[in-house]
$ cat upload08.cif   # mmCIF, C-alpha atoms
data_protein
loop_
_atom_site.label_atom_id
_atom_site.label_comp_id
_atom_site.auth_asym_id
_atom_site.auth_seq_id
_atom_site.Cartn_x
_atom_site.Cartn_y
_atom_site.Cartn_z
CA MET A 1 63.63 203.90 26.38
CA ARG A 2 65.68 203.58 23.21
CA LYS A 3 67.74 206.46 21.89
CA MET A 4 67.14 207.70 18.35
CA PHE A 5 69.94 209.40 16.48
CA SER A 6 70.56 210.53 12.94
CA PHE A 7 73.90 210.12 11.17
CA MET A 8 74.60 212.21 8.08
CA ILE A 9 77.63 213.19 6.02
CA THR A 10 78.05 216.76 4.79
CA SER A 11 80.55 218.87 2.93
CA ALA A 12 82.20 221.77 4.75
CA ASP A 13 79.71 224.10 3.07
CA GLY A 14 76.67 222.13 4.26
CA TYR A 15 75.71 219.95 1.31
CA HIS A 16 74.47 216.41 1.87
CA ALA A 17 74.75 215.55 -1.83
CA GLY A 18 76.56 217.22 -4.66
CA PRO A 19 75.13 218.25 -8.02
CA GLY A 20 73.07 215.44 -9.53
CA GLN A 21 72.91 213.76 -6.09
CA ALA A 22 76.66 212.93 -6.37
CA LEU A 23 78.21 211.28 -3.33
CA ASP A 24 81.69 210.65 -4.78
CA TRP A 25 83.18 213.45 -2.68
CA GLN A 26 82.74 211.61 0.64
CA THR A 27 85.92 210.42 2.34
CA ILE A 28 85.37 206.72 3.00
CA ASP A 29 88.53 204.99 4.22
CA GLU A 30 89.46 202.20 6.66
CA GLU A 31 89.06 204.46 9.70
CA PHE A 32 85.60 205.53 8.52
CA SER A 33 84.62 201.90 7.85
CA GLN A 34 85.62 200.88 11.38
CA PHE A 35 83.63 203.80 12.80
CA ALA A 36 80.62 202.86 10.62
CA LEU A 37 80.75 199.26 11.83
CA THR A 38 80.96 200.33 15.48
CA GLN A 39 78.01 202.68 14.97
CA LEU A 40 75.99 199.97 13.21
CA ARG A 41 76.55 197.67 16.18
CA GLU A 42 74.74 200.27 18.34
CA ALA A 43 71.69 199.96 16.08
CA GLY A 44 68.71 197.76 16.82
CA THR A 45 66.77 199.34 13.96
CA LEU A 46 67.84 201.34 10.90
CA VAL A 47 65.42 203.98 9.61
CA PHE A 48 65.54 205.49 6.14
CA GLY A 49 63.59 207.89 3.99
CA ARG A 50 62.65 206.53 0.56
CA VAL A 51 65.54 208.03 -1.42
CA THR A 52 68.24 206.81 0.96
CA TYR A 53 66.52 203.44 1.32
CA GLU A 54 66.55 202.93 -2.45
CA LEU A 55 70.27 203.80 -2.64
CA MET A 56 71.16 201.47 0.25
CA ALA A 57 68.91 198.63 -0.93
CA ALA A 58 70.48 198.81 -4.39
CA PHE A 59 73.98 198.38 -2.95
CA TRP A 60 74.37 196.53 0.37
CA PRO A 61 72.58 193.26 -0.44
CA THR A 62 74.51 192.88 -3.72
CA PRO A 63 77.84 191.15 -4.37
CA ALA A 64 79.43 194.60 -4.89
CA GLY A 65 78.23 195.76 -1.47
CA GLU A 66 79.40 192.59 0.23
CA GLU A 67 82.80 192.79 -1.49
CA SER A 68 83.28 196.48 -0.66
CA ASP A 69 83.01 195.91 3.10
CA PRO A 70 81.81 192.46 4.21
CA ASP A 71 81.37 193.39 7.88
CA VAL A 72 79.38 196.55 7.19
CA ALA A 73 77.33 194.72 4.54
CA LYS A 74 76.48 191.98 7.03
CA ALA A 75 75.39 194.53 9.63
CA MET A 76 73.34 196.50 7.10
CA ASN A 77 71.69 193.37 5.74
CA THR A 78 70.84 191.74 9.09
CA THR A 79 69.70 194.77 11.12
CA PRO A 80 65.91 195.34 11.00
CA LYS A 81 65.02 198.28 8.76
CA ILE A 82 62.14 200.72 8.45
CA VAL A 83 61.53 202.95 5.47
CA ILE A 84 59.28 205.98 5.92
CA SER A 85 57.50 206.47 2.61
CA ARG A 86 54.04 207.07 1.21
CA THR A 87 55.20 206.29 -2.33
CA LEU A 88 57.43 203.20 -2.13
CA PRO A 89 55.30 200.35 -3.51
CA GLN A 90 57.15 197.56 -1.70
CA ALA A 91 60.31 196.92 0.31
CA THR A 92 62.60 194.49 -1.46
CA TRP A 93 65.50 194.53 1.01
CA ALA A 94 65.14 191.67 3.50
CA GLY A 95 64.13 192.70 7.00
CA THR A 96 62.46 195.96 5.93
CA ARG A 97 59.00 197.21 6.75
CA ILE A 98 57.35 200.35 5.37
CA ILE A 99 55.64 202.96 7.50
CA ARG A 100 53.32 204.92 5.21
CA ASN A 101 51.29 206.97 7.70
CA HIS A 102 51.68 208.37 11.22
CA ALA A 103 55.47 208.02 11.14
CA GLU A 104 55.99 210.19 14.24
CA GLU A 105 53.58 208.06 16.27
CA GLU A 106 55.14 204.82 15.04
CA LEU A 107 58.66 206.01 15.79
CA ALA A 108 57.59 207.22 19.24
CA LYS A 109 56.18 203.73 19.96
CA LEU A 110 59.38 202.13 18.70
CA LYS A 111 61.44 204.29 21.07
CA GLN A 112 59.39 202.96 24.01
CA GLN A 113 60.28 199.36 23.20
CA PRO A 114 63.38 197.72 24.69
CA GLY A 115 66.40 197.29 22.46
CA LYS A 116 69.38 198.96 20.92
CA ASP A 117 69.39 202.45 19.40
CA ILE A 118 67.26 203.54 16.46
CA VAL A 119 69.54 204.96 13.78
CA ILE A 120 68.42 207.19 10.95
CA ALA A 121 71.10 206.72 8.32
CA GLY A 122 71.44 209.53 5.83
CA SER A 123 67.90 210.61 5.04
CA SER A 124 68.31 214.37 5.40
CA THR A 125 64.68 215.14 4.52
CA LEU A 126 63.40 212.69 7.14
CA THR A 127 65.83 214.07 9.73
CA ALA A 128 64.85 217.67 8.95
CA GLY A 129 61.19 216.74 9.35
CA LEU A 130 61.79 215.10 12.73
CA LEU A 131 63.88 217.89 14.26
CA GLN A 132 60.94 219.70 15.86
CA THR A 133 59.20 216.56 17.14
CA GLY A 134 61.43 215.85 20.12
CA LEU A 135 62.00 212.28 18.86
CA LEU A 136 65.64 212.81 17.89
CA ASP A 137 67.99 212.48 20.83
CA GLU A 138 71.15 213.17 18.87
CA LEU A 139 72.49 214.34 15.51
CA ARG A 140 75.80 212.94 14.35
CA ILE A 141 77.12 215.04 11.50
CA MET A 142 80.30 213.97 9.70
CA VAL A 143 81.87 217.02 8.05
CA ASN A 144 84.10 216.15 5.08
CA PRO A 145 86.95 218.52 4.23
CA VAL A 146 85.59 219.52 0.84
CA ILE A 147 83.65 222.50 -0.49
CA LEU A 148 81.11 221.59 -3.17
CA GLY A 149 79.71 225.05 -3.91
CA GLN A 150 76.31 223.62 -4.74
CA GLY A 151 74.16 220.58 -4.13
CA ARG A 152 71.46 219.47 -1.73
CA SER A 153 71.45 221.34 1.58
CA LEU A 154 71.80 219.12 4.65
CA PHE A 155 68.76 220.52 6.45
CA ALA A 156 66.65 221.91 3.60
CA GLY A 157 63.17 222.68 4.87
CA ALA A 158 64.02 222.39 8.56
CA GLY A 159 62.89 225.15 10.87
CA LYS A 160 65.23 226.90 13.24
CA THR A 161 66.61 224.40 15.74
CA SER A 162 69.12 225.07 18.47
CA LEU A 163 71.74 222.43 19.09
CA ARG A 164 74.03 221.64 22.00
CA LEU A 165 77.46 220.27 21.09
CA LEU A 166 78.05 217.05 23.03
CA LYS A 167 81.46 216.03 21.67
CA THR A 168 83.63 215.89 18.56
CA ARG A 169 85.91 213.35 16.93
CA GLN A 170 88.60 214.15 14.38
CA PHE A 171 89.59 211.53 11.80
CA THR A 172 93.01 211.32 10.15
CA SER A 173 91.33 211.95 6.76
CA GLY A 174 90.27 215.42 7.95
CA ASN A 175 86.68 214.35 8.56
CA VAL A 176 85.25 215.76 11.77
CA LEU A 177 82.31 214.12 13.53
CA LEU A 178 80.06 216.47 15.48
CA TYR A 179 77.68 215.04 18.06
CA TYR A 180 74.77 217.40 18.78
CA GLN A 181 71.68 217.25 20.94
CA PRO A 182 68.67 219.05 19.44
CA ILE A 183 67.08 221.48 21.88
CA THR A 184 63.32 221.46 21.40
CA ARG A 185 60.96 223.82 23.15
#

$ encode --input "upload08.cif" --output "structure tokens"
Amino acid sequence: MRKMFSFMITSADGYHAGPGQALDWQTIDEEFSQFALTQLREAGTLVFGRVTYELMAAFWPTPAGEESDPDVAKAMNTTPKIVISRTLPQATWAGTRIIRNHAEEELAKLKQQPGKDIVIAGSSTLTAGLLQTGLLDELRIMVNPVILGQGRSLFAGAGKTSLRLLKTRQFTSGNVLLYYQPITR
């Protein structure tokens, strides 16, 4: 059975995006890029919600994306992708399929197939919606050393979920990666 985990970046005060959906506060350096590439190599499938998919699809397959980090761009562009959306008319990023209905059932089937991990990248709304399903095996939350004061809450709309801390990793930038296992009942 494949493992499914979600990776998200948050501010120290729990915001996934700043005012106006700003992401310019995230600490992205060489150490982070190496971590991202290692994590992408664990992925057999990338899963996105519509908003994150549109952001990623507008960047990684472009010359700017490829120039910013060729190795990460190659991994992002060649790994099979799924976007969970009822409203996205079509997927334009190569290697992407859309799941419009019965997402939980489709993801559960995907977990039963052989292969590398299923990685939900960003997509806080999708992650929050999946927390109570038992499908998520792990949450990886990268806490950036910045306080935004306002923005989009990391787990807006999620019900109460207990977590077990599995491990941590500190980066020289001050980022701290928390690995949690959701405890579903």

$ resolve_selection --input "upload08.cif" --expression "the PyMOL selection byres ((chain A and resi 99-113) around 12)" --output "PDB file with C-alpha atoms, keeping the file's coordinate frame"
ATOM      1  CA  MET A   1      63.630 203.900  26.380  1.00  0.00           C
ATOM      2  CA  ARG A   2      65.680 203.580  23.210  1.00  0.00           C
ATOM      3  CA  LYS A   3      67.740 206.460  21.890  1.00  0.00           C
ATOM      4  CA  MET A   4      67.140 207.700  18.350  1.00  0.00           C
ATOM      5  CA  PHE A   5      69.940 209.400  16.480  1.00  0.00           C
ATOM      6  CA  GLY A  44      68.710 197.760  16.820  1.00  0.00           C
ATOM      7  CA  THR A  45      66.770 199.340  13.960  1.00  0.00           C
ATOM      8  CA  LEU A  46      67.840 201.340  10.900  1.00  0.00           C
ATOM      9  CA  VAL A  47      65.420 203.980   9.610  1.00  0.00           C
ATOM     10  CA  PHE A  48      65.540 205.490   6.140  1.00  0.00           C
ATOM     11  CA  GLY A  49      63.590 207.890   3.990  1.00  0.00           C
ATOM     12  CA  ARG A  50      62.650 206.530   0.560  1.00  0.00           C
ATOM     13  CA  LYS A  81      65.020 198.280   8.760  1.00  0.00           C
ATOM     14  CA  ILE A  82      62.140 200.720   8.450  1.00  0.00           C
ATOM     15  CA  VAL A  83      61.530 202.950   5.470  1.00  0.00           C
ATOM     16  CA  ILE A  84      59.280 205.980   5.920  1.00  0.00           C
ATOM     17  CA  SER A  85      57.500 206.470   2.610  1.00  0.00           C
ATOM     18  CA  ARG A  86      54.040 207.070   1.210  1.00  0.00           C
ATOM     19  CA  THR A  87      55.200 206.290  -2.330  1.00  0.00           C
ATOM     20  CA  LEU A  88      57.430 203.200  -2.130  1.00  0.00           C
ATOM     21  CA  PRO A  89      55.300 200.350  -3.510  1.00  0.00           C
ATOM     22  CA  GLN A  90      57.150 197.560  -1.700  1.00  0.00           C
ATOM     23  CA  ALA A  91      60.310 196.920   0.310  1.00  0.00           C
ATOM     24  CA  THR A  96      62.460 195.960   5.930  1.00  0.00           C
ATOM     25  CA  ARG A  97      59.000 197.210   6.750  1.00  0.00           C
ATOM     26  CA  ILE A  98      57.350 200.350   5.370  1.00  0.00           C
ATOM     27  CA  PRO A 114      63.380 197.720  24.690  1.00  0.00           C
ATOM     28  CA  GLY A 115      66.400 197.290  22.460  1.00  0.00           C
ATOM     29  CA  LYS A 116      69.380 198.960  20.920  1.00  0.00           C
ATOM     30  CA  ASP A 117      69.390 202.450  19.400  1.00  0.00           C
ATOM     31  CA  ILE A 118      67.260 203.540  16.460  1.00  0.00           C
ATOM     32  CA  VAL A 119      69.540 204.960  13.780  1.00  0.00           C
ATOM     33  CA  ILE A 120      68.420 207.190  10.950  1.00  0.00           C
ATOM     34  CA  LEU A 126      63.400 212.690   7.140  1.00  0.00           C
ATOM     35  CA  THR A 127      65.830 214.070   9.730  1.00  0.00           C
ATOM     36  CA  GLY A 129      61.190 216.740   9.350  1.00  0.00           C
ATOM     37  CA  LEU A 130      61.790 215.100  12.730  1.00  0.00           C
ATOM     38  CA  LEU A 131      63.880 217.890  14.260  1.00  0.00           C
ATOM     39  CA  GLN A 132      60.940 219.700  15.860  1.00  0.00           C
ATOM     40  CA  THR A 133      59.200 216.560  17.140  1.00  0.00           C
ATOM     41  CA  GLY A 134      61.430 215.850  20.120  1.00  0.00           C
ATOM     42  CA  LEU A 135      62.000 212.280  18.860  1.00  0.00           C
ATOM     43  CA  LEU A 136      65.640 212.810  17.890  1.00  0.00           C
ATOM     44  CA  ASP A 137      67.990 212.480  20.830  1.00  0.00           C
TER      45      ASP A 137
END

$ resolve_selection --input "upload08.cif" --expression "the PyMOL selection byres ((chain A and resi 154-171) around 7)" --output "list in words"
Thr10, Gly14, Tyr15, His16, Ser124, Ala128, Gly129, Arg152, Ser153, Thr172, Ser173, Gly174, Asn175, Val176, Leu177, Leu178, Tyr179, Tyr180, Gln181, Pro182 and Ile183 of chain A

$ closest_residue --input "upload08.cif" --among "A:Met8, A:Met76, A:Leu37, A:Ala57" --to "A:Thr92" --atoms "only C-alpha atoms"
A:Ala57

$ residues_around --input "upload08.cif" --residues "A:Thr52" --least-positions-apart "3" --cutoff "8 Å" --atoms "all atoms listed in the file" --output "VMD selection string"
chain A and resid 48 to 49 55 to 56 121 to 123

$ closest_residue --input "upload08.cif" --among "A:Glu66, A:Leu148, A:Leu23, A:Val72" --to "A:Ala36" --atoms "all atoms listed in the file"
A:Val72

$ atom_distance --input "upload08.cif" --atom1 "atom CA of A:Asp24" --atom2 "atom CA of A:Asn77"
22.6 Å

$ atom_distance --input "upload08.cif" --atom1 "atom CA of A:Ala58" --atom2 "atom CA of A:Gln39"
21.1 Å

$ atom_distance --input "upload08.cif" --atom1 "atom CA of A:Glu138" --atom2 "atom CA of A:Arg41"
16.6 Å

$ axis_aligned_box --input "upload08.cif" --around "stretch 76-80 of chain A" --padding-each-side "8 Å" --output "JSON"
{"center_x": 69.6, "center_y": 194.1, "center_z": 8.4, "size_x": 23.4, "size_y": 20.8, "size_z": 21.4}

$ residues_around --input "upload08.cif" --residues "A:Ile147" --least-positions-apart "3" --cutoff "10 Å" --atoms "only C-alpha atoms" --output "ChimeraX atom specification"
/A:10-15,18,25,144,150

$ resolve_selection --input "upload08.cif" --expression "the PyMOL selection byres ((chain A and resi 69) around 12)" --output "ChimeraX atom specification"
/A:28-30,32-34,36-37,59-68,70-77

$ decode --input "upload08.cif" --residues "stretch 2-127 of chain A" --atoms "C-alpha atoms" --output "CSV table (one decimal), in the first residue's frame"
chain,number,residue,atom,x,y,z
A,2,ARG,CA,1.3,3.4,-0.9
A,3,LYS,CA,1.7,6.1,1.7
A,4,MET,CA,-0.1,9.5,1.2
A,5,PHE,CA,1.3,12.6,2.8
A,6,SER,CA,0.7,16.3,2.6
A,7,PHE,CA,3.4,18.9,2.5
A,8,MET,CA,2.6,22.5,3.4
A,9,ILE,CA,4.5,25.7,4.3
A,10,THR,CA,3.2,27.9,7.1
A,11,SER,CA,4.1,31.0,8.9
A,12,ALA,CA,4.9,30.8,12.6
A,13,ASP,CA,1.4,32.1,13.3
A,14,GLY,CA,-0.3,29.4,11.1
A,15,TYR,CA,-0.9,31.1,7.8
A,16,HIS,CA,-0.5,29.2,4.6
A,17,ALA,CA,-0.7,32.4,2.5
A,18,GLY,CA,-0.4,36.0,3.4
A,19,PRO,CA,-2.8,38.8,2.5
A,20,GLY,CA,-3.8,38.7,-1.1
A,21,GLN,CA,-2.6,35.1,-1.3
A,22,ALA,CA,1.0,36.4,-1.0
A,23,LEU,CA,3.7,33.7,-0.8
A,24,ASP,CA,6.8,36.0,-0.9
A,25,TRP,CA,7.4,35.4,2.8
A,26,GLN,CA,8.5,31.8,2.3
A,27,THR,CA,12.2,31.0,2.9
A,28,ILE,CA,13.3,29.2,-0.2
A,29,ASP,CA,17.0,28.7,-0.4
A,30,GLU,CA,19.5,26.0,-1.6
A,31,GLU,CA,18.9,23.8,1.5
A,32,PHE,CA,15.1,24.0,0.9
A,33,SER,CA,15.6,23.2,-2.8
A,34,GLN,CA,17.6,20.1,-2.0
A,35,PHE,CA,15.0,19.0,0.5
A,36,ALA,CA,12.2,19.6,-2.0
A,37,LEU,CA,14.0,17.6,-4.7
A,38,THR,CA,14.5,14.7,-2.3
A,39,GLN,CA,10.9,14.8,-1.3
A,40,LEU,CA,9.8,14.9,-4.9
A,41,ARG,CA,11.8,11.8,-5.6
A,42,GLU,CA,9.6,10.0,-3.0
A,43,ALA,CA,6.5,10.9,-5.1
A,44,GLY,CA,4.9,8.6,-7.6
A,45,THR,CA,1.9,10.9,-7.9
A,46,LEU,CA,1.5,14.6,-7.0
A,47,VAL,CA,-2.0,15.7,-5.9
A,48,PHE,CA,-3.3,19.2,-5.9
A,49,GLY,CA,-6.4,21.2,-5.2
A,50,ARG,CA,-7.5,23.5,-8.0
A,51,VAL,CA,-5.9,26.7,-6.6
A,52,THR,CA,-2.5,25.2,-6.0
A,53,TYR,CA,-2.6,23.3,-9.3
A,54,GLU,CA,-3.2,26.5,-11.2
A,55,LEU,CA,-0.3,28.2,-9.4
A,56,MET,CA,2.1,25.3,-10.1
A,57,ALA,CA,0.9,24.8,-13.7
A,58,ALA,CA,1.5,28.5,-14.4
A,59,PHE,CA,5.1,28.2,-13.2
A,60,TRP,CA,6.9,24.9,-13.4
A,61,PRO,CA,6.5,24.1,-17.1
A,62,THR,CA,7.6,27.5,-18.1
A,63,PRO,CA,11.1,28.8,-18.9
A,64,ALA,CA,11.1,30.8,-15.6
A,65,GLY,CA,10.3,27.6,-13.6
A,66,GLU,CA,12.9,25.6,-15.4
A,67,GLU,CA,15.5,28.4,-14.9
A,68,SER,CA,14.7,28.8,-11.2
A,69,ASP,CA,15.5,25.2,-10.3
A,70,PRO,CA,16.0,22.8,-13.3
A,71,ASP,CA,16.0,19.6,-11.2
A,72,VAL,CA,12.9,20.5,-9.2
A,73,ALA,CA,11.2,21.6,-12.5
A,74,LYS,CA,12.0,18.3,-14.2
A,75,ALA,CA,10.6,16.4,-11.2
A,76,MET,CA,7.5,18.5,-11.1
A,77,ASN,CA,6.9,18.2,-14.9
A,78,THR,CA,7.5,14.5,-15.2
A,79,THR,CA,5.8,13.2,-12.1
A,80,PRO,CA,2.1,12.1,-12.8
A,81,LYS,CA,-0.3,14.7,-11.4
A,82,ILE,CA,-3.9,14.6,-10.2
A,83,VAL,CA,-6.0,17.7,-9.6
A,84,ILE,CA,-9.1,17.4,-7.4
A,85,SER,CA,-11.6,19.9,-8.8
A,86,ARG,CA,-15.2,20.2,-9.8
A,87,THR,CA,-14.6,23.5,-11.6
A,88,LEU,CA,-11.4,23.2,-13.5
A,89,PRO,CA,-12.4,22.9,-17.2
A,90,GLN,CA,-9.3,21.1,-18.4
A,91,ALA,CA,-5.8,20.2,-17.2
A,92,THR,CA,-3.2,21.9,-19.3
A,93,TRP,CA,-0.1,20.7,-17.5
A,94,ALA,CA,1.3,17.5,-19.1
A,95,GLY,CA,0.7,14.3,-17.2
A,96,THR,CA,-2.3,15.7,-15.2
A,97,ARG,CA,-5.7,14.1,-14.8
A,98,ILE,CA,-8.7,15.7,-13.1
A,99,ILE,CA,-10.8,13.9,-10.5
A,100,ARG,CA,-14.1,15.7,-10.4
A,101,ASN,CA,-16.2,13.4,-8.2
A,102,HIS,CA,-15.7,10.8,-5.5
A,103,ALA,CA,-12.2,12.0,-4.7
A,104,GLU,CA,-11.9,10.1,-1.5
A,105,GLU,CA,-12.8,6.8,-3.2
A,106,GLU,CA,-10.4,7.5,-6.1
A,107,LEU,CA,-7.5,8.4,-3.7
A,108,ALA,CA,-8.2,5.3,-1.7
A,109,LYS,CA,-8.0,3.2,-4.8
A,110,LEU,CA,-4.7,4.9,-5.8
A,111,LYS,CA,-3.2,4.1,-2.4
A,112,GLN,CA,-3.9,0.4,-3.0
A,113,GLN,CA,-1.9,0.4,-6.2
A,114,PRO,CA,1.9,-0.3,-6.1
A,115,GLY,CA,4.3,2.6,-6.5
A,116,LYS,CA,5.9,5.4,-4.7
A,117,ASP,CA,4.2,7.8,-2.3
A,118,ILE,CA,1.3,10.0,-3.1
A,119,VAL,CA,2.2,13.6,-2.2
A,120,ILE,CA,-0.3,16.4,-1.7
A,121,ALA,CA,1.7,19.5,-2.4
A,122,GLY,CA,0.3,22.7,-0.8
A,123,SER,CA,-3.4,22.5,-1.2
A,124,SER,CA,-4.5,23.4,2.4
A,125,THR,CA,-8.2,23.1,1.6
A,126,LEU,CA,-7.8,19.7,0.1
A,127,THR,CA,-5.6,18.5,3.1
